[in-house]
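Worksheet for the structure shown next.
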Amino acid sequence: MTSIDRANFVNRIATIVFYIVAGCFFLLLACMTGYSLYNGFGGGNLRLLSPEGIGAQLFNTIYLVVLALLISMPIGILAGIYMAMYAKPGNFTKFIRISIETLSSLPSIVIGLFGYLVFILLTGAKWNLFAGALTVSILMLPVLTTITEDALRSLPDSYAKASYGLGATKFQTIRNVLLPACIPQIITGIILAAGRAFGEAAALLYTAGMATDINWASTNLASPTNPWNPFRPGETLALQIWASRTEALHADASAMADLSAAVLMVLICTFTIVARYLSRRWQNRMMGR
Amino acid sequence: MKKSTMVQDNAFRYVVSVGALLMIGITFAIGAFLLWRGSATFTQYGHSVMEFLFSTAWAPADDTVGGGKVGAGIFIIGSLISCGLALLISTPFSIGAALFMTEISPRLGKTLLQPTVEIFVGIPSVVYGWLGLTILVPWIKEVFNLQFGFSVLAAAIVLAVMIFPTITSIAADAIQSVPKSFRQAGYGLGATRWQVIYQIVLPSAKSGIMTGIVLGLARAFGEALAVAMVIGKTKALPDSLLAPTTNLTSAIASDMGGAMEGSEYNMALWTMALLLFIISALCIVTIHALGKKESIHD
Amino acid sequence: MSIFNIQDLHLFYGQTEALKGINMDIEKNEITAFIGPSGCGKSTLLKTLNRMNDLEENVRITGNVIFDGKNAYTEMNLIALRYRVGMVFQQPNPFPKSVYDNIAYGPRLQGITSSSELDEIVETSLKQAAIWDEVKDRLKKSALGLSGGQQQRLCIARTLATKPDVILMDEPTSALDPISTYKIEELTMELKENYTIVIVTHNLQQASRIADKTAFFFLGDLIEYNDTEELFTRPAVQKTEEYITGRFG
């Protein structure tokens, strides 16, 4: 074998290996999704998708994520605007950037403990959904900030210049031109962040609590069993999976965990695909195609 | 010219600055609270840092009198072994997947592998844990003929799958940003694709790939529930990769609720959380150092 | 009647002096062209006229720019100045909004909200910019779908919609094909009836075709400023002659 032959041979082997690696991951995902869907939705488990089954957990999960978004979106987006439009190069900005990076790399269990300390122990409250939402919003903040900053920075300079040239102030330029232009990226980011929050469990262990008791007929918002009362304990889907492992009290615990896992899987796949689809569509429409 | 326009403009500047200050405020609050709580093991209960880090004698008292042993060695070693093994498993596959997406078949990479990676990122960690518990653990028990399948190996495999998307996407970005001219130069000299990848692309993207690995490590170190579900939570050093053990995050996740508030036990768990905070801050510092080194080379 | 009086204007980027004491008047309802090799300060001077250089860091200015009898830097509000002195940029830069919203952007900033009034402004501005016929059926579609030449005329219309007195043009045709360039030149000549136009161009033919007055800059100095015909046929300074005959630049 000449050296050229050998090089070509190695090259071919390497290519095959790469295809196998890529194929493995695709297969792995397909198997994991397939398995959890089959296990979760098969065998009559669907009957558990009711208020007596995991209905309350599903409701809690969505309610908590919406609350967390309401809290984190304004702060995260404002901070992102600051970083992209107002921050002057220098030590202060570097300092903020390191804060954001540290925050985003903190383990969610650590943030959960912080939430437990501040929102539960120091306030003397019991485990409640609102504390959970506050804690999860800390997890989402750096994501939202970074997304907003990147989106604003990716816009061409010319948008801002044209707007200033027409006599707009910075605020008018941001509100009327720059933010509308990067709404698609920001919304995509929000969807992905929300998806992450749907599956969050470690941050909620000691904040939102692992119990739920909902009286769907309750009309008294202050009642601890009213579904809309944010100051009641609220176990989420992800917590329910964790709990069924450690304290399997319910007869259907394992089946419920299977179903919860499948529901989460469906939610995540949908969110990811919708986010991809929307961002591409908006991009096209904006470019006039 | 309306005056209110200028007032509005200034007001907005303050509002966004408040948003940015909150980011600093929250990060510092977390650090400060963890430091306050986590240092109680050393200040209030008089243990030494060396004991906490290196002793494996773990018997903290569940009361405010103290006097127990707070050697967290088992937990720290459990975390180190499972994460180290996870990196060993995940890194080659991740870099392979990143190279596939960028060098081998960008078309398939974009349409198939990229969405796959995005979904992998999104899958909640408890779901990973649950799948590990219901598929992987029984499988390991079967194959290796063990009494239980809970093991370091199970934890490492679950973690490896979890950090794969992190490393892959960052490595892919790094590889993508290697200038085209480098590759053309290689091909122009008669190199095969593999030679270009191995001799030109990978070395040029080295620091970006390292960043991905460090971030993957940070994610693995901080992962709690997925690991706790498969590692066995046995407070003993593992004698093999197939033996169960425990780690820092599992201990916090399962014991914090049971320990008495303010007790030595409770505070020792807070010290573990502080340790996790310090480790993730160190990872960020490392990444910055990696970035700096690269800019000196340029 | 002059609309701008520039008096001993110096501009520094950090330590570098980009404008070295410019004195000139710009006449109302005329087209004034700034020419000169790259880096001569022509674009920089243009930007000082509506203070676009305020956006850049490390810029220091001495001397005066008097606009319509008032000092543009000390006696006028920045925003008010930009309402009256509009700008068209080198690259067409429509917002990623509909054609209509692009044109209505400026009037809306000035507080016009009535839709009938906006409709009228949009239509007149687009007609003035000679692009109405091409876009009247797609006012609600994104402006980014237009061709480069159409985008640039849209940007001119967008500037007209704010009812300025002066339009600054920074090499407005350098990114366009010859036909689009021709259209913009024609448009510019029509606009000078109602507006004062200052145009920076690297295209000497363009300056000689459309400008009433031409100013030649070199290394931050105003070398020669005269009626266009005079400057191109009988340059008074040797440097000018070398430049317009193509010996450097």
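In the structure tokens, chains take the letters A, B, ... in the order shown, each chain's residues start at 1, and ligands count up from 1 in the order shown.
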
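In plain terms, chain A touches chain C through Pro156, Asp157, Ser158, Tyr159, Ala160, Lys161, Ala162, Ser163, Tyr164, Gly165, Leu166, Gly167, Ala168, Thr169, Gln172, Thr173, Asn176, Val177, Leu178, Pro180, Ala181, Cys182, Gln283, Arg285, Met286, Met287, Gly288 and Arg289 of chain A, where touching means an atom at most 10 Å away, counting only C-alpha atoms.
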
Worksheet item: Which polymer residues have any atom within 6 Å of an atom of stretch 227-242 of chain A, counting only C-alpha atoms, with same-chain residues fewer than 4 positions away left out, as JSON, numbers by chain?
Response: {"A": [57, 58, 60, 61, 127, 128, 129, 130, 199, 201, 208, 209, 210, 211, 212, 214, 221, 257, 260]}

For those residues, write N, CA and C atoms to a file as a CSV table (one decimal), in the first residue's frame.
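result-v8.csv, freshly written:
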```csv
chain,number,residue,atom,x,y,z
A,57,GLN,N,-50.9,18.0,38.4
A,57,GLN,CA,-49.5,18.3,38.2
A,57,GLN,C,-49.3,19.0,36.9
A,58,LEU,N,-50.1,18.6,35.9
A,58,LEU,CA,-49.9,19.3,34.6
A,58,LEU,C,-50.3,20.8,34.7
A,60,ASN,N,-50.4,22.5,37.5
A,60,ASN,CA,-49.4,23.2,38.3
A,60,ASN,C,-48.2,23.6,37.4
A,61,THR,N,-47.7,22.7,36.6
A,61,THR,CA,-46.5,22.9,35.7
A,61,THR,C,-46.8,24.2,34.9
A,127,TRP,N,-44.1,25.7,51.6
A,127,TRP,CA,-43.8,25.5,50.2
A,127,TRP,C,-45.0,26.0,49.3
A,128,ASN,N,-44.7,26.8,48.3
A,128,ASN,CA,-45.7,27.3,47.5
A,128,ASN,C,-45.3,27.6,46.1
A,129,LEU,N,-46.3,27.6,45.2
A,129,LEU,CA,-46.0,27.7,43.8
A,129,LEU,C,-45.3,29.0,43.4
A,130,PHE,N,-45.7,30.1,44.2
A,130,PHE,CA,-45.1,31.4,43.8
A,130,PHE,C,-43.6,31.4,44.1
A,199,GLY,N,-39.5,21.3,32.5
A,199,GLY,CA,-39.0,20.0,33.0
A,199,GLY,C,-38.2,20.2,34.3
A,201,ALA,N,-36.9,20.4,38.0
A,201,ALA,CA,-37.4,19.7,39.2
A,201,ALA,C,-36.5,20.1,40.4
A,208,ALA,N,-41.5,24.7,45.5
A,208,ALA,CA,-42.9,24.5,45.2
A,208,ALA,C,-43.5,23.4,46.0
A,209,GLY,N,-42.6,22.5,46.5
A,209,GLY,CA,-43.1,21.4,47.3
A,209,GLY,C,-43.5,20.2,46.5
A,210,MET,N,-43.7,19.1,47.2
A,210,MET,CA,-44.0,17.9,46.5
A,210,MET,C,-45.3,17.3,46.9
A,211,ALA,N,-46.3,18.3,47.1
A,211,ALA,CA,-47.6,17.8,47.4
A,211,ALA,C,-48.6,18.7,46.6
A,212,THR,N,-49.7,18.2,46.3
A,212,THR,CA,-50.7,19.0,45.6
A,212,THR,C,-52.1,18.5,46.0
A,214,ILE,N,-55.8,19.9,45.1
A,214,ILE,CA,-56.6,20.9,44.4
A,214,ILE,C,-58.1,20.5,44.4
A,221,LEU,N,-60.2,32.3,46.2
A,221,LEU,CA,-58.8,32.4,45.8
A,221,LEU,C,-57.8,32.2,46.9
A,257,ALA,N,-45.6,8.1,36.6
A,257,ALA,CA,-44.3,8.7,36.3
A,257,ALA,C,-44.0,8.4,34.8
A,260,SER,N,-46.1,10.9,33.0
A,260,SER,CA,-45.5,12.3,33.1
A,260,SER,C,-44.3,12.4,32.2
```

Using only C-alpha atoms, determine which residues lie at most 10 Å from C:Tyr243, disregarding the query and same-chain residues fewer than 4 positions distant; provide the list as a PDB file with N, CA and C atoms, in the first residue's frame.
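This went into out_1.pdb:
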```
ATOM      1  N   ILE C  35     -16.452  66.116  -2.888  1.00  0.00           N
ATOM      2  CA  ILE C  35     -15.644  65.094  -3.537  1.00  0.00           C
ATOM      3  C   ILE C  35     -14.252  65.048  -2.919  1.00  0.00           C
ATOM      4  N   GLY C  36     -13.519  64.001  -3.240  1.00  0.00           N
ATOM      5  CA  GLY C  36     -12.158  63.853  -2.727  1.00  0.00           C
ATOM      6  C   GLY C  36     -11.845  62.389  -2.515  1.00  0.00           C
ATOM      7  N   PRO C  37     -10.556  62.060  -2.417  1.00  0.00           N
ATOM      8  CA  PRO C  37     -10.174  60.658  -2.230  1.00  0.00           C
ATOM      9  C   PRO C  37     -10.634  60.122  -0.873  1.00  0.00           C
ATOM     10  N   LEU C 204     -16.964  61.303  -9.884  1.00  0.00           N
ATOM     11  CA  LEU C 204     -16.805  62.686 -10.336  1.00  0.00           C
ATOM     12  C   LEU C 204     -17.835  63.056 -11.399  1.00  0.00           C
ATOM     13  N   PHE C 216     -13.954  70.310  -3.048  1.00  0.00           N
ATOM     14  CA  PHE C 216     -12.952  69.263  -3.105  1.00  0.00           C
ATOM     15  C   PHE C 216     -12.161  69.240  -1.796  1.00  0.00           C
ATOM     16  N   PHE C 218      -9.178  67.331   0.712  1.00  0.00           N
ATOM     17  CA  PHE C 218      -7.999  66.481   0.692  1.00  0.00           C
ATOM     18  C   PHE C 218      -7.364  66.480   2.075  1.00  0.00           C
ATOM     19  N   GLN C 238      -3.813  73.360  -8.029  1.00  0.00           N
ATOM     20  CA  GLN C 238      -3.231  72.274  -8.821  1.00  0.00           C
ATOM     21  C   GLN C 238      -3.682  70.904  -8.326  1.00  0.00           C
ATOM     22  N   LYS C 239      -3.823  70.774  -6.980  1.00  0.00           N
ATOM     23  CA  LYS C 239      -4.269  69.512  -6.388  1.00  0.00           C
ATOM     24  C   LYS C 239      -5.623  69.103  -6.960  1.00  0.00           C
ATOM     25  N   ARG C 247      -5.222  61.838 -11.731  1.00  0.00           N
ATOM     26  CA  ARG C 247      -3.822  61.510 -11.496  1.00  0.00           C
ATOM     27  C   ARG C 247      -3.603  60.870 -10.120  1.00  0.00           C
ATOM     28  N   PHE C 248      -4.568  61.047  -9.216  1.00  0.00           N
ATOM     29  CA  PHE C 248      -4.513  60.265  -7.977  1.00  0.00           C
ATOM     30  C   PHE C 248      -5.941  60.105  -7.464  1.00  0.00           C
ATOM     31  N   GLY C 249      -6.113  59.358  -6.368  1.00  0.00           N
ATOM     32  CA  GLY C 249      -7.460  59.185  -5.795  1.00  0.00           C
ATOM     33  C   GLY C 249      -7.894  57.817  -6.059  1.00  0.00           C
TER      34      GLY C 249
END
```

Could you name the residues that touch A:Thr93 at 10 Å or less, counting only C-alpha atoms, but leaving out those on the same chain fewer than 5 positions away, as a PDB file with all heavy atoms, in the first residue's frame?
```
ATOM      1  N   TYR A  82     -30.008  46.507  28.091  1.00  0.00           N
ATOM      2  CA  TYR A  82     -28.894  47.272  28.670  1.00  0.00           C
ATOM      3  C   TYR A  82     -27.569  46.779  28.115  1.00  0.00           C
ATOM      4  O   TYR A  82     -26.736  47.566  27.670  1.00  0.00           O
ATOM      5  CB  TYR A  82     -28.899  47.153  30.199  1.00  0.00           C
ATOM      6  CG  TYR A  82     -27.732  47.881  30.832  1.00  0.00           C
ATOM      7  CD1 TYR A  82     -27.819  49.221  31.145  1.00  0.00           C
ATOM      8  CD2 TYR A  82     -26.520  47.225  31.074  1.00  0.00           C
ATOM      9  CE1 TYR A  82     -26.751  49.908  31.675  1.00  0.00           C
ATOM     10  CE2 TYR A  82     -25.445  47.895  31.603  1.00  0.00           C
ATOM     11  CZ  TYR A  82     -25.561  49.237  31.909  1.00  0.00           C
ATOM     12  OH  TYR A  82     -24.489  49.915  32.422  1.00  0.00           O
ATOM     13  N   MET A  83     -27.389  45.452  28.118  1.00  0.00           N
ATOM     14  CA  MET A  83     -26.105  44.901  27.691  1.00  0.00           C
ATOM     15  C   MET A  83     -25.817  45.210  26.224  1.00  0.00           C
ATOM     16  O   MET A  83     -24.683  45.438  25.837  1.00  0.00           O
ATOM     17  CB  MET A  83     -26.067  43.379  27.886  1.00  0.00           C
ATOM     18  CG  MET A  83     -26.099  42.935  29.327  1.00  0.00           C
ATOM     19  SD  MET A  83     -24.846  43.710  30.332  1.00  0.00           S
ATOM     20  CE  MET A  83     -23.398  42.802  29.792  1.00  0.00           C
ATOM     21  N   TYR A  86     -26.697  49.877  25.990  1.00  0.00           N
ATOM     22  CA  TYR A  86     -26.259  50.935  26.896  1.00  0.00           C
ATOM     23  C   TYR A  86     -24.901  50.664  27.534  1.00  0.00           C
ATOM     24  O   TYR A  86     -24.204  51.582  27.917  1.00  0.00           O
ATOM     25  CB  TYR A  86     -27.301  51.158  27.997  1.00  0.00           C
ATOM     26  CG  TYR A  86     -28.566  51.804  27.497  1.00  0.00           C
ATOM     27  CD1 TYR A  86     -29.633  51.036  27.048  1.00  0.00           C
ATOM     28  CD2 TYR A  86     -28.699  53.184  27.440  1.00  0.00           C
ATOM     29  CE1 TYR A  86     -30.796  51.624  26.566  1.00  0.00           C
ATOM     30  CE2 TYR A  86     -29.848  53.784  26.960  1.00  0.00           C
ATOM     31  CZ  TYR A  86     -30.899  52.999  26.527  1.00  0.00           C
ATOM     32  OH  TYR A  86     -32.035  53.584  26.049  1.00  0.00           O
ATOM     33  N   ALA A  87     -24.540  49.383  27.668  1.00  0.00           N
ATOM     34  CA  ALA A  87     -23.314  49.048  28.390  1.00  0.00           C
ATOM     35  C   ALA A  87     -22.107  49.613  27.645  1.00  0.00           C
ATOM     36  O   ALA A  87     -21.952  49.398  26.457  1.00  0.00           O
ATOM     37  CB  ALA A  87     -23.189  47.540  28.525  1.00  0.00           C
ATOM     38  N   LYS A  88     -21.273  50.357  28.367  1.00  0.00           N
ATOM     39  CA  LYS A  88     -20.046  50.866  27.758  1.00  0.00           C
ATOM     40  C   LYS A  88     -18.940  49.880  28.071  1.00  0.00           C
ATOM     41  O   LYS A  88     -18.906  49.301  29.155  1.00  0.00           O
ATOM     42  CB  LYS A  88     -19.700  52.235  28.352  1.00  0.00           C
ATOM     43  CG  LYS A  88     -20.801  53.253  28.103  1.00  0.00           C
ATOM     44  CD  LYS A  88     -20.216  54.646  27.962  1.00  0.00           C
ATOM     45  CE  LYS A  88     -21.218  55.609  27.357  1.00  0.00           C
ATOM     46  NZ  LYS A  88     -22.393  55.783  28.233  1.00  0.00           N
ATOM     47  N   ILE A  98     -19.824  38.687  33.802  1.00  0.00           N
ATOM     48  CA  ILE A  98     -19.402  37.529  34.596  1.00  0.00           C
ATOM     49  C   ILE A  98     -20.539  37.089  35.530  1.00  0.00           C
ATOM     50  O   ILE A  98     -20.777  35.897  35.716  1.00  0.00           O
ATOM     51  CB  ILE A  98     -18.105  37.850  35.375  1.00  0.00           C
ATOM     52  CG1 ILE A  98     -16.960  37.926  34.364  1.00  0.00           C
ATOM     53  CG2 ILE A  98     -17.822  36.803  36.434  1.00  0.00           C
ATOM     54  CD1 ILE A  98     -15.607  38.121  34.975  1.00  0.00           C
ATOM     55  N   SER A  99     -21.275  38.051  36.064  1.00  0.00           N
ATOM     56  CA  SER A  99     -22.425  37.711  36.908  1.00  0.00           C
ATOM     57  C   SER A  99     -23.420  36.866  36.123  1.00  0.00           C
ATOM     58  O   SER A  99     -23.908  35.844  36.602  1.00  0.00           O
ATOM     59  CB  SER A  99     -23.139  38.970  37.389  1.00  0.00           C
ATOM     60  OG  SER A  99     -22.332  39.685  38.267  1.00  0.00           O
TER      61      SER A  99
ATOM     62  N   ALA B  20     -30.178  45.480  34.640  1.00  0.00           N
ATOM     63  CA  ALA B  20     -28.819  44.941  34.640  1.00  0.00           C
ATOM     64  C   ALA B  20     -28.283  44.812  36.063  1.00  0.00           C
ATOM     65  O   ALA B  20     -27.633  43.824  36.410  1.00  0.00           O
ATOM     66  CB  ALA B  20     -27.904  45.829  33.808  1.00  0.00           C
TER      67      ALA B  20
END
```

Worksheet entry | Near-stretch 134-147 of chain A list (7 Å; only C-alpha atoms; drop same-chain fewer than 3 positions) as a list in words |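 These residues fall inside the cut-off: Ala68, Leu69, Ile71, Ser72, Met73, Gly76, Ile77, Ala79, Gly80, Ile100, Leu103, Ser104, Ile111, Gly112, Gly115, Phe130, Ala131, Asp150, Ala151, Ile186, Gly189, Ile190, Ala193, Ala197 and Ala203 of chain A.
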
Item to complete: If you run DSSP over the backbone, which residues in stretch 65-263 of chain A end up helix (DSSP H, G or I)? Put them as an MDAnalysis selection string.
Response: chainID A and resid 65:86 91:105 108:121 129:153 157:165 170:198 237:246 253:263
